[in-house]
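Data block for structure13.cif (mmCIF, C-alpha atoms and all ligand atoms):
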data_work
#
loop_
_atom_site.label_atom_id
_atom_site.label_comp_id
_atom_site.auth_asym_id
_atom_site.auth_seq_id
_atom_site.Cartn_x
_atom_site.Cartn_y
_atom_site.Cartn_z
CA MET K 1 0.00 0.00 0.00
CA ASN K 2 1.24 3.50 -0.74
CA HIS K 3 0.05 7.09 -0.78
CA PHE K 4 0.76 8.01 -4.41
CA THR K 5 -2.63 8.23 -6.09
CA TYR K 6 -4.41 10.08 -8.88
CA LYS K 7 -7.02 12.69 -8.02
CA ASN K 8 -8.67 14.65 -10.84
CA LYS K 9 -6.27 13.15 -13.39
CA GLU K 10 -3.27 14.33 -11.44
CA LEU K 11 -0.77 12.45 -9.28
CA TYR K 12 -0.81 13.24 -5.57
CA CYS K 13 1.44 12.26 -2.72
CA GLU K 14 -0.89 12.10 0.30
CA SER K 15 -2.79 15.41 -0.02
CA VAL K 16 -0.19 17.29 -2.02
CA SER K 17 -0.17 17.65 -5.80
CA VAL K 18 3.11 16.43 -7.25
CA SER K 19 3.14 19.18 -9.88
CA LYS K 20 2.74 21.85 -7.18
CA ILE K 21 5.89 20.54 -5.54
CA SER K 22 7.66 20.54 -8.88
CA ASP K 23 6.69 24.21 -9.41
CA LYS K 24 8.43 25.11 -6.15
CA VAL K 25 11.37 22.71 -6.13
CA GLY K 26 12.18 22.12 -9.81
CA THR K 27 13.08 18.73 -11.27
CA PRO K 28 14.32 16.10 -10.84
CA PHE K 29 13.50 15.37 -7.20
CA TYR K 30 12.88 12.39 -4.95
CA LEU K 31 9.55 12.47 -3.16
CA TYR K 32 8.75 10.40 -0.08
CA SER K 33 5.46 9.92 1.74
CA THR K 34 5.59 10.01 5.54
CA ALA K 35 2.35 8.03 5.74
CA THR K 36 3.72 5.25 3.52
CA LEU K 37 7.08 5.10 5.29
CA SER K 38 5.41 4.88 8.72
CA HIS K 39 2.80 2.43 7.53
CA HIS K 40 5.42 0.11 6.08
CA PHE K 41 7.60 0.35 9.17
CA ARG K 42 4.69 -0.27 11.56
CA VAL K 43 3.29 -3.21 9.59
CA PHE K 44 6.70 -4.85 9.45
CA ASP K 45 7.57 -4.20 13.08
CA THR K 46 4.22 -5.17 14.57
CA SER K 47 4.20 -8.39 12.54
CA PHE K 48 6.93 -9.55 14.93
CA ALA K 49 5.21 -8.22 18.07
CA ASP K 50 4.77 -11.73 19.49
CA ILE K 51 8.48 -12.37 19.90
CA PRO K 52 11.41 -10.36 21.28
CA HIS K 53 12.78 -8.53 18.27
CA LEU K 54 14.48 -5.39 17.06
CA THR K 55 13.81 -3.81 13.66
CA CYS K 56 16.97 -2.09 12.40
CA PHE K 57 16.26 -0.17 9.21
CA ALA K 58 18.96 -0.68 6.56
CA VAL K 59 20.27 2.87 6.31
CA LYS K 60 21.92 2.32 2.93
CA SER K 61 18.53 1.93 1.27
CA CYS K 62 17.33 5.47 2.13
CA SER K 63 19.49 7.48 4.45
CA ASN K 64 18.07 10.99 4.67
CA LEU K 65 18.14 12.31 8.26
CA SER K 66 14.39 12.95 8.28
CA VAL K 67 13.62 9.42 7.15
CA LEU K 68 15.88 8.01 9.87
CA ARG K 69 14.34 10.35 12.44
CA LEU K 70 10.89 9.09 11.50
CA PHE K 71 11.88 5.45 12.09
CA SER K 72 13.65 6.37 15.30
CA SER K 73 10.41 8.00 16.52
CA LEU K 74 8.62 4.72 15.75
CA GLY K 75 11.09 2.76 17.90
CA GLY K 76 13.32 1.57 15.08
CA GLY K 77 17.04 0.97 15.11
CA ALA K 78 19.55 1.10 12.28
CA ASP K 79 21.65 -1.35 10.31
CA ILE K 80 24.69 0.60 9.17
CA VAL K 81 27.57 -0.27 6.85
CA SER K 82 29.98 2.66 7.22
CA GLY K 83 31.22 5.38 9.53
CA GLY K 84 29.18 7.84 7.45
CA GLU K 85 26.00 5.92 8.12
CA LEU K 86 26.84 5.78 11.83
CA TYR K 87 27.21 9.57 11.77
CA ARG K 88 23.82 9.94 10.08
CA ALA K 89 22.08 7.50 12.39
CA ILE K 90 23.33 9.31 15.50
CA LYS K 91 22.50 12.75 14.04
CA ALA K 92 19.00 11.49 13.32
CA GLY K 93 18.60 10.49 16.96
CA ILE K 94 18.72 6.72 16.66
CA ASP K 95 19.53 5.05 19.98
CA PRO K 96 23.09 3.61 19.75
CA LYS K 97 21.82 0.53 21.56
CA ARG K 98 19.70 -0.11 18.48
CA ILE K 99 22.52 0.15 15.97
CA ILE K 100 24.05 -2.86 14.21
CA TYR K 101 27.24 -2.36 12.24
CA SER K 102 27.45 -4.62 9.16
CA GLY K 103 29.86 -4.69 6.21
CA VAL K 104 32.97 -6.57 5.03
CA GLY K 105 35.49 -3.75 5.27
CA LYS K 106 35.28 -1.77 8.51
CA THR K 107 38.36 0.38 9.08
CA LYS K 108 40.10 0.89 12.39
CA GLU K 109 38.71 4.43 12.63
CA GLU K 110 35.19 3.15 12.00
CA MET K 111 35.64 0.54 14.74
CA ILE K 112 36.81 3.22 17.18
CA ASN K 113 33.76 5.34 16.31
CA GLY K 114 31.40 2.43 16.81
CA LEU K 115 32.94 1.51 20.16
CA GLN K 116 32.94 5.11 21.38
CA THR K 117 29.31 5.49 20.37
CA GLY K 118 28.33 2.34 22.23
CA ILE K 119 26.50 0.57 19.41
CA LEU K 120 24.65 -2.70 20.09
CA MET K 121 27.08 -4.83 18.08
CA PHE K 122 29.41 -5.29 15.14
CA ASN K 123 28.62 -7.96 12.60
CA ILE K 124 32.07 -9.36 11.87
CA GLU K 125 32.71 -10.91 8.47
CA SER K 126 36.25 -12.33 8.62
CA GLU K 127 39.00 -13.57 10.93
CA GLN K 128 41.20 -10.61 10.09
CA GLU K 129 38.42 -8.21 10.91
CA LEU K 130 37.98 -9.98 14.26
CA ASP K 131 41.70 -9.60 15.03
CA ARG K 132 41.54 -5.92 14.14
CA LEU K 133 38.54 -5.33 16.39
CA GLN K 134 40.22 -7.16 19.31
CA GLU K 135 43.28 -4.95 18.83
CA VAL K 136 41.24 -1.74 18.69
CA ALA K 137 39.09 -2.67 21.70
CA ALA K 138 42.19 -3.60 23.72
CA GLU K 139 43.83 -0.25 22.92
CA MET K 140 40.69 1.51 24.09
CA GLY K 141 40.35 -0.73 27.15
CA VAL K 142 36.77 -1.76 26.29
CA ASN K 143 34.91 -4.90 25.26
CA ALA K 144 33.57 -5.08 21.72
CA PRO K 145 30.10 -6.63 21.33
CA VAL K 146 30.05 -8.87 18.28
CA SER K 147 28.05 -11.14 16.13
CA PHE K 148 29.53 -12.99 13.16
CA ARG K 149 27.89 -12.91 9.80
CA VAL K 150 27.76 -16.48 8.60
CA ASN K 151 27.21 -17.39 4.99
CA PRO K 152 24.60 -20.15 5.03
CA ASP K 153 25.03 -21.02 1.33
CA VAL K 154 21.36 -20.62 0.48
CA ASP K 155 20.18 -19.51 -2.94
CA PRO K 156 18.01 -16.41 -2.50
CA LYS K 157 16.73 -16.74 -6.08
CA THR K 158 17.24 -13.06 -6.87
CA HIS K 159 19.46 -10.98 -9.18
CA ALA K 160 23.11 -12.15 -9.10
CA TYR K 161 24.31 -8.65 -8.10
CA ILE K 162 22.12 -8.66 -4.99
CA SER K 163 22.69 -12.28 -3.93
CA THR K 164 24.93 -12.35 -0.90
CA GLY K 165 24.40 -15.70 0.81
CA LEU K 166 25.89 -18.08 -1.74
CA ALA K 167 29.26 -19.77 -1.19
CA GLU K 168 30.69 -17.75 -4.10
CA ASN K 169 29.77 -14.35 -2.60
CA LYS K 170 32.23 -12.16 -0.68
CA PHE K 171 30.02 -11.85 2.39
CA GLY K 172 30.29 -13.49 5.77
CA ILE K 173 32.17 -16.55 6.98
CA PRO K 174 31.17 -19.92 5.52
CA ILE K 175 28.87 -21.49 8.09
CA LYS K 176 30.94 -24.68 8.06
CA GLU K 177 34.05 -22.79 9.18
CA ALA K 178 32.39 -20.29 11.49
CA GLY K 179 32.58 -22.61 14.54
CA LYS K 180 36.36 -22.21 14.59
CA THR K 181 36.02 -18.44 14.43
CA TYR K 182 33.63 -18.42 17.38
CA MET K 183 36.01 -20.61 19.40
CA ARG K 184 38.87 -18.23 18.68
CA ALA K 185 36.74 -15.21 19.53
CA LYS K 186 35.74 -16.84 22.82
CA GLY K 187 39.37 -16.81 23.87
CA MET K 188 39.83 -13.12 23.07
CA PRO K 189 39.90 -10.82 26.10
CA ASN K 190 38.15 -7.83 24.53
CA ILE K 191 35.54 -9.59 22.43
CA ASN K 192 32.05 -10.13 23.78
CA ILE K 193 30.11 -12.62 21.66
CA LEU K 194 26.43 -11.73 21.45
CA GLY K 195 24.99 -13.06 18.23
CA VAL K 196 24.95 -14.82 14.91
CA SER K 197 23.86 -12.97 11.81
CA CYS K 198 23.18 -13.63 8.15
CA HIS K 199 21.83 -11.71 5.18
CA ILE K 200 21.39 -13.75 2.04
CA GLY K 201 20.37 -11.15 -0.52
CA SER K 202 17.92 -8.51 -1.53
CA GLN K 203 14.58 -8.39 -3.35
CA LEU K 204 13.65 -11.94 -2.32
CA THR K 205 10.17 -12.87 -3.40
CA GLN K 206 9.92 -16.16 -1.54
CA VAL K 207 9.98 -16.91 2.17
CA SER K 208 11.57 -20.35 1.83
CA PRO K 209 15.21 -19.19 1.44
CA PHE K 210 14.81 -17.16 4.67
CA VAL K 211 13.40 -20.18 6.48
CA GLU K 212 16.17 -22.37 5.14
CA SER K 213 18.88 -19.98 6.37
CA LEU K 214 17.13 -19.56 9.70
CA GLN K 215 17.12 -23.33 10.17
CA LYS K 216 20.82 -23.53 9.35
CA VAL K 217 21.64 -20.66 11.71
CA LYS K 218 19.55 -22.23 14.51
CA ARG K 219 21.40 -25.51 14.12
CA PHE K 220 24.65 -23.60 14.26
CA ILE K 221 23.60 -21.73 17.43
CA LYS K 222 22.72 -25.03 19.10
CA ALA K 223 26.15 -26.40 18.21
CA LEU K 224 27.76 -23.28 19.70
CA ALA K 225 25.83 -23.87 22.95
CA ASP K 226 27.51 -27.30 23.19
CA HIS K 227 30.79 -25.41 23.35
CA GLU K 228 29.52 -23.03 26.03
CA ILE K 229 29.05 -20.16 23.63
CA ASN K 230 25.70 -18.62 24.38
CA ILE K 231 23.99 -16.52 21.78
CA SER K 232 21.42 -13.85 22.67
CA TYR K 233 20.75 -12.36 19.24
CA LEU K 234 19.87 -13.99 15.96
CA ASP K 235 20.09 -11.49 13.11
CA LEU K 236 18.26 -12.60 9.98
CA GLY K 237 19.28 -9.55 7.91
CA GLY K 238 16.99 -7.87 5.40
CA GLY K 239 16.03 -8.80 1.88
CA VAL K 240 12.23 -9.00 1.71
CA GLY K 241 11.28 -7.97 -1.81
CA ILE K 242 8.70 -5.55 -3.13
CA LYS K 243 6.49 -5.32 -6.16
CA TYR K 244 8.19 -3.33 -8.93
CA ARG K 245 6.28 -4.97 -11.75
CA ASP K 246 4.69 -8.40 -11.54
CA GLU K 247 6.65 -9.86 -8.63
CA GLU K 248 4.60 -11.41 -5.89
CA PRO K 249 6.67 -10.87 -2.76
CA PRO K 250 5.38 -12.18 0.54
CA HIS K 251 3.41 -9.73 2.66
CA PRO K 252 5.53 -8.87 5.74
CA GLU K 253 2.89 -10.56 7.92
CA GLU K 254 3.30 -13.78 5.97
CA TYR K 255 7.08 -13.53 6.18
CA ALA K 256 6.82 -12.86 9.94
CA ARG K 257 4.40 -15.75 10.47
CA GLU K 258 6.82 -18.29 9.05
CA ILE K 259 9.83 -16.81 10.82
CA ILE K 260 8.00 -16.64 14.17
CA GLU K 261 6.94 -20.27 13.74
CA GLU K 262 10.62 -21.21 13.29
CA MET K 263 11.67 -19.11 16.29
CA LYS K 264 9.23 -20.83 18.68
CA GLY K 265 11.00 -22.08 21.79
CA PHE K 266 14.23 -20.53 20.61
CA ASP K 267 15.56 -18.18 23.24
CA CYS K 268 17.10 -15.39 21.15
CA THR K 269 16.12 -11.84 20.33
CA LEU K 270 15.47 -11.67 16.60
CA ILE K 271 17.08 -8.79 14.72
CA LEU K 272 15.68 -7.75 11.35
CA GLU K 273 17.32 -5.38 8.89
CA PRO K 274 14.67 -4.43 6.33
CA GLY K 275 15.45 -1.70 3.82
CA ARG K 276 13.71 -2.01 0.47
CA VAL K 277 10.44 -3.40 1.86
CA ILE K 278 10.03 -0.29 4.02
CA ALA K 279 11.28 2.48 1.74
CA GLY K 280 11.02 1.13 -1.83
CA ASN K 281 7.41 1.94 -2.56
CA ALA K 282 7.37 4.96 -0.25
CA GLY K 283 9.27 7.12 -2.72
CA ILE K 284 9.20 8.22 -6.35
CA LEU K 285 11.56 10.14 -8.60
CA VAL K 286 9.89 13.03 -10.38
CA SER K 287 11.39 14.17 -13.66
CA LYS K 288 10.47 16.42 -16.56
CA VAL K 289 10.39 15.51 -20.23
CA LEU K 290 12.95 17.60 -22.11
CA TYR K 291 12.54 16.31 -25.65
CA THR K 292 11.13 13.45 -27.61
CA LYS K 293 12.70 12.06 -30.71
CA ARG K 294 12.38 9.17 -33.04
CA ASN K 295 14.86 7.30 -35.18
CA GLU K 296 14.35 4.36 -37.50
CA ALA K 297 14.40 1.89 -34.65
CA LYS K 298 12.85 3.61 -31.69
CA ASN K 299 11.04 6.41 -29.95
CA PHE K 300 13.00 8.17 -27.23
CA ILE K 301 11.70 10.25 -24.36
CA ILE K 302 14.55 12.30 -23.00
CA VAL K 303 13.96 13.33 -19.40
CA ASP K 304 15.97 15.44 -16.96
CA ALA K 305 16.69 12.54 -14.57
CA ALA K 306 19.44 10.11 -15.49
CA MET K 307 21.43 7.09 -14.38
CA ASN K 308 23.32 9.28 -11.93
CA ASP K 309 19.98 9.98 -10.19
CA LEU K 310 18.57 6.44 -10.36
CA ALA K 311 21.18 3.80 -11.08
CA ARG K 312 19.05 0.67 -10.75
CA PRO K 313 17.87 0.35 -14.37
CA SER K 314 21.44 0.70 -15.73
CA LEU K 315 23.03 -1.31 -12.96
CA TYR K 316 20.62 -4.21 -12.54
CA ASP K 317 18.39 -3.85 -15.57
CA ALA K 318 15.73 -3.09 -12.96
CA PHE K 319 12.17 -2.30 -13.92
CA HIS K 320 10.51 0.84 -12.56
CA ASP K 321 7.00 1.81 -13.57
CA ILE K 322 6.88 5.25 -15.15
CA PHE K 323 3.64 7.22 -14.97
CA PRO K 324 2.76 10.66 -16.29
CA VAL K 325 1.98 13.07 -13.45
CA HIS K 326 -1.00 14.38 -15.46
CA VAL K 327 -3.19 11.87 -17.26
CA LYS K 328 -5.80 12.50 -19.88
CA ASN K 329 -8.25 9.86 -18.69
CA GLU K 330 -9.61 9.08 -15.24
CA ASN K 331 -8.25 5.59 -15.63
CA ILE K 332 -4.58 5.55 -16.56
CA HIS K 333 -5.14 2.24 -18.32
CA ASP K 334 -7.40 4.00 -20.86
CA GLU K 335 -4.53 6.07 -22.26
CA SER K 336 -3.39 5.26 -25.77
CA LEU K 337 0.11 3.93 -25.55
CA GLU K 338 3.29 4.10 -27.58
CA LYS K 339 6.49 2.16 -27.14
CA ALA K 340 9.52 4.22 -26.16
CA ASP K 341 12.83 4.24 -24.31
CA VAL K 342 12.95 6.71 -21.45
CA VAL K 343 16.49 8.02 -21.29
CA GLY K 344 18.49 10.68 -19.46
CA PRO K 345 20.94 13.32 -20.70
CA ILE K 346 24.09 11.38 -19.73
CA CYS K 347 26.61 10.44 -22.38
CA GLU K 348 26.32 6.67 -21.97
CA THR K 349 24.22 4.16 -23.87
CA GLY K 350 23.52 2.59 -20.48
CA ASP K 351 21.75 5.76 -19.38
CA PHE K 352 18.12 4.73 -19.41
CA LEU K 353 15.26 4.57 -16.96
CA ALA K 354 13.08 2.31 -19.09
CA LYS K 355 13.40 0.38 -22.34
CA ASP K 356 10.71 -0.46 -24.89
CA ARG K 357 8.08 0.81 -22.50
CA LEU K 358 4.45 1.37 -23.45
CA LEU K 359 3.68 4.91 -22.37
CA PRO K 360 1.06 7.54 -23.13
CA ALA K 361 2.32 10.11 -25.62
CA LEU K 362 4.44 12.57 -23.69
CA SER K 363 5.65 15.94 -24.80
CA SER K 364 8.28 18.39 -23.72
CA GLY K 365 7.57 19.93 -20.31
CA GLU K 366 5.40 17.11 -19.00
CA LEU K 367 6.22 15.52 -15.66
CA VAL K 368 6.76 11.82 -15.12
CA ALA K 369 6.99 9.81 -11.92
CA VAL K 370 9.44 6.94 -11.73
CA MET K 371 7.76 4.68 -9.20
CA SER K 372 9.23 2.48 -6.46
CA SER K 373 12.32 4.65 -6.16
CA GLY K 374 12.38 5.14 -2.40
CA ALA K 375 15.05 2.50 -1.77
CA TYR K 376 18.47 2.45 -3.45
CA GLY K 377 17.41 5.55 -5.35
CA PHE K 378 18.89 8.73 -3.96
CA THR K 379 21.43 6.78 -1.89
CA MET K 380 23.01 5.32 -5.02
CA SER K 381 23.01 8.60 -6.90
CA SER K 382 26.23 10.25 -8.03
CA ASN K 383 27.56 13.38 -9.67
CA TYR K 384 28.53 11.66 -12.93
CA ASN K 385 28.59 14.12 -15.85
CA SER K 386 28.87 16.86 -13.17
CA ARG K 387 25.18 16.68 -12.48
CA PRO K 388 24.16 18.14 -9.12
CA ARG K 389 22.27 15.52 -7.14
CA ALA K 390 18.51 15.87 -6.98
CA ALA K 391 16.53 17.40 -4.13
CA GLU K 392 14.70 15.15 -1.65
CA VAL K 393 11.22 16.12 -0.52
CA LEU K 394 9.07 14.64 2.23
CA VAL K 395 5.29 14.97 2.25
CA HIS K 396 3.35 14.87 5.48
CA GLU K 397 -0.41 15.04 5.00
CA ASP K 398 -1.07 18.33 3.17
CA LYS K 399 2.43 19.80 3.48
CA PHE K 400 5.78 19.15 1.90
CA TYR K 401 9.29 19.75 3.15
CA VAL K 402 12.56 19.90 1.23
CA ILE K 403 14.65 17.51 3.33
CA ARG K 404 17.72 17.80 1.12
CA GLU K 405 18.35 20.74 -1.13
CA ARG K 406 19.27 20.22 -4.73
CA GLU K 407 23.04 20.42 -5.04
CA THR K 408 24.50 23.52 -6.66
CA TYR K 409 27.41 23.94 -9.07
CA ASP K 410 29.42 25.15 -6.07
CA SER K 411 28.75 21.91 -4.23
CA LEU K 412 30.06 20.04 -7.30
CA ILE K 413 33.55 21.51 -6.95
CA LYS K 414 33.61 21.73 -3.14
CA GLY K 415 36.95 20.50 -1.87
CA GLU K 416 38.68 20.71 -5.25
CA SER K 417 41.71 22.93 -5.66
CA ILE K 418 44.30 23.83 -8.26
CA PRO K 419 47.96 23.36 -7.15
CA PRO K 420 50.30 26.38 -7.49
CA PHE K 421 52.17 24.97 -10.52
CA LEU K 422 48.95 25.12 -12.51
CA ASP K 423 47.74 28.36 -10.99
CA LYS K 424 49.21 30.72 -13.56
C1 LIG S 501 21.58 -4.20 2.17
C2 LIG S 501 21.47 -4.92 3.46
C3 LIG S 501 20.24 -5.01 4.12
C4 LIG S 501 18.95 -4.48 3.54
O1 LIG S 501 18.51 -5.23 2.45
P1 LIG S 501 17.06 -4.97 1.82
O2 LIG S 501 17.01 -5.91 0.69
O3 LIG S 501 16.98 -3.57 1.41
O4 LIG S 501 16.06 -5.31 2.88
C5 LIG S 501 20.22 -5.62 5.35
N1 LIG S 501 21.33 -6.13 5.92
C6 LIG S 501 22.54 -6.07 5.31
C7 LIG S 501 23.72 -6.64 5.97
C8 LIG S 501 22.64 -5.47 4.06
O5 LIG S 501 23.83 -5.43 3.44
#
In structure tokens, how does this file's structure come out?
Amino acid sequence: MNHFTYKNKELYCESVSVSKISDKVGTPFYLYSTATLSHHFRVFDTSFADIPHLTCFAVKSCSNLSVLRLFSSLGGGADIVSGGELYRAIKAGIDPKRIIYSGVGKTKEEMINGLQTGILMFNIESEQELDRLQEVAAEMGVNAPVSFRVNPDVDPKTHAYISTGLAENKFGIPIKEAGKTYMRAKGMPNINILGVSCHIGSQLTQVSPFVESLQKVKRFIKALADHEINISYLDLGGGVGIKYRDEEPPHPEEYAREIIEEMKGFDCTLILEPGRVIAGNAGILVSKVLYTKRNEAKNFIIVDAAMNDLARPSLYDAFHDIFPVHVKNENIHDESLEKADVVGPICETGDFLAKDRLLPALSSGELVAVMSSGAYGFTMSSNYNSRPRAAEVLVHEDKFYVIRERETYDSLIKGESIPPFLDK
């Protein structure tokens, strides 16, 4: 469910007209609905109400301070993957005791930051990383709370670039070898073992791979108990998919039902790290048509948003629905359609938002909404082709707020300098 709907042949976000926002803010811009974000968070979180759990929003999916503040106000924690995300999470007011630090390449400085902040735990992904954390914690004279990310070798049945839990992926420690790592960690003076974690991939549309990994992790936790290693947290990661096109992902309640069933009688707090399922359909990217053109092979709609704004189509061949902000008929499905590629101004053939898409005839100046762009949209954007990054706007009921200003040309060259030998 989301709060992007047509009223009087015009797209609205909650009670605000999308074109009104465009008049004030310009294009392109990301637009998020507070009602949708909160609804998705609440539905997900309350689905697990029957068992001890902690919902840590995956910051990398949508990391604006206001979005994080919203989840913090709803009792959410954060799953972070860098020192920058830790900085954001704390600035947004997220309780450090609800922060999980994931990622394969934490630096010493990032470890120091995490320890100083007093986060709930680090998800460690290799022996060398464990050694580094022991060293850092010893220098600081503190104990580091850890969980190890195990790789359960389960096929998530999703896009290869977003599969993380297969033996061939770089993530985690193979579950077969992880016992040794836990035994080593147990003997380390500054390491405090708290949990076991896994995250097998993103945009999963079936519950069974989650259940399969959960079963493997449970078996592993039982084996650890035989060696007097007691685990208090079981982190199942994120990865629940959403509907972009014709996928049929599980409803969070269905996902929760099966996971809760598996967790029965298992004395661990469950940690969840959802990103896409919360933010994906809570945001859109609004862009303006610049030109249309036609060659022998195709129609092209050239818009002012590009692969630097939304990388997913170029990167993963991802499908995003594209709707006109103004429609000619009450029912959008009554529009007469024409096949076209929707492309951006960037000098790359890979710069497209949609290929061979049936769309109503669009002309210069019209606005389009690229749907399902709330997750891995703005956060993956770049300045390629020296394009200032888009503004981010949050709607709450009948008001909208610019929660990140559009970048300026000055922000593009911030930090750059010309050395004296060239300064003539
Ligand atoms: C990316 C990521 C997530 C979030 O994944 P979604 O598919 O957006 O739910 C959770 N945990 C870890 C460790 C991740 O890397």
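Considering only C-alpha atoms and all ligand atoms, the residues that reside within 7 Å of ligand LIG 501 (chain S) can be listed as Ala58, Lys60, Ser61, Asp79, Ser102, Gly103, His199, Gly201, Ser202, Gln203, Gly237, Gly238, Gly239, Val240, Gly241, Glu273, Pro274, Gly275, Arg276 and Val277 of chain K.
Closest approach to K:Glu228 from the set K:Ile193, K:Ala369, K:Ala160, K:Val211 is made by K:Ile193, with distances taken over all atoms listed in the file.
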Which residue of K:Leu166, K:Met380, K:Val217, K:Val207 approaches K:Ile259 most closely, using only C-alpha atoms: K:Val207
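Of the listed residues (K:Ala391, K:Met307, K:Leu11, K:Ile403), K:Met307 comes nearest to K:Ala354; the distances count only C-alpha atoms.
Nearest-residue note for K:Lys298: choosing from K:Leu120, K:Ala318, K:Val370, K:Ala340, the minimum distance belongs to K:Ala340, counting all atoms listed in the file.
Around K:Thr269, within 10 Å and counting all atoms listed in the file, the residues found are Ile51, Pro52, His53, Leu54, Gly195, Ile231, Ser232, Tyr233, Leu234, Asp235 and Met263 of chain K, once anything fewer than 5 positions away on its own chain is removed.
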Write a file of the selected residues as a short mmCIF file (atom, residue, chain, number, x, y, z; two decimals), keeping the file's coordinate frame, keeping C-alpha atoms.
data_model
loop_
_atom_site.label_atom_id
_atom_site.label_comp_id
_atom_site.auth_asym_id
_atom_site.auth_seq_id
_atom_site.Cartn_x
_atom_site.Cartn_y
_atom_site.Cartn_z
CA ILE K 51 8.48 -12.37 19.90
CA PRO K 52 11.41 -10.36 21.28
CA HIS K 53 12.78 -8.53 18.27
CA LEU K 54 14.48 -5.39 17.06
CA GLY K 195 24.99 -13.06 18.23
CA ILE K 231 23.99 -16.52 21.78
CA SER K 232 21.42 -13.85 22.67
CA TYR K 233 20.75 -12.36 19.24
CA LEU K 234 19.87 -13.99 15.96
CA ASP K 235 20.09 -11.49 13.11
CA MET K 263 11.67 -19.11 16.29
#
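The shortest atom-to-atom distance to K:Gly187, with all atoms listed in the file taken into account, belongs to K:Ile229 out of K:Val342, K:Ile90, K:Ile229, K:Ala223.
When atom CA of K:Pro388 is paired with atom CA of K:Arg406, their separation reads 6.9 Å.
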Set the distance at 12 Å and use only C-alpha atoms: which residues neighbour K:Lys24 once local chain neighbours fewer than 3 positions away are removed? I'd like the list as a PyMOL selection string. chain K and resi 17-21+27-29+391+393+400-402+405-406
K:Val303 surroundings by all atoms listed in the file, 12 Å radius, close-in-sequence under 3 positions cut, as a PyMOL selection string: chain K and resi 27-28+285-293+300+306-307+309+322+324+341-346+351-354+362-370
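Atom CA of K:His333 lies 21.5 Å from atom CA of K:Glu14.
With only C-alpha atoms as the atoms that count, the minimum distance from K:Asp131 to the choices K:Thr181, K:Ser73, K:Thr164, K:Thr36 is reached by K:Thr181.
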Name all residues at most 12 Å from K:Arg132 (count all atoms listed in the file; drop same-chain ones fewer than 2 positions away) and give them as a PyMOL selection string. chain K and resi 105-112+124-130+134-139+144+185+188+190-191
Atom CA of K:Leu359 to atom CA of K:Asn329, straight-line distance in Å: 13.4 Å
Using all atoms listed in the file, determine which residues lie at most 12 Å from K:Ser213, disregarding the query and same-chain residues fewer than 3 positions distant; provide the list as number ranges by chain. K: 149-156, 165-166, 175, 196-201, 207-210, 216-220, 234-237, 259, 262
Rows by chain and residue number, stretch 325-383 of chain K within 10 Å of stretch 2-5 of chain K, shortest pair, all atoms listed in the file, as a tab-separated table:
residue	atom	partner	partner_atom	distance
K:Val325	CA	K:Thr5	CA	9.9
K:Ala369	CA	K:Phe4	CA	9.9
K:Met371	CA	K:Phe4	CA	9.1
K:Ser372	CA	K:Asn2	CA	9.9
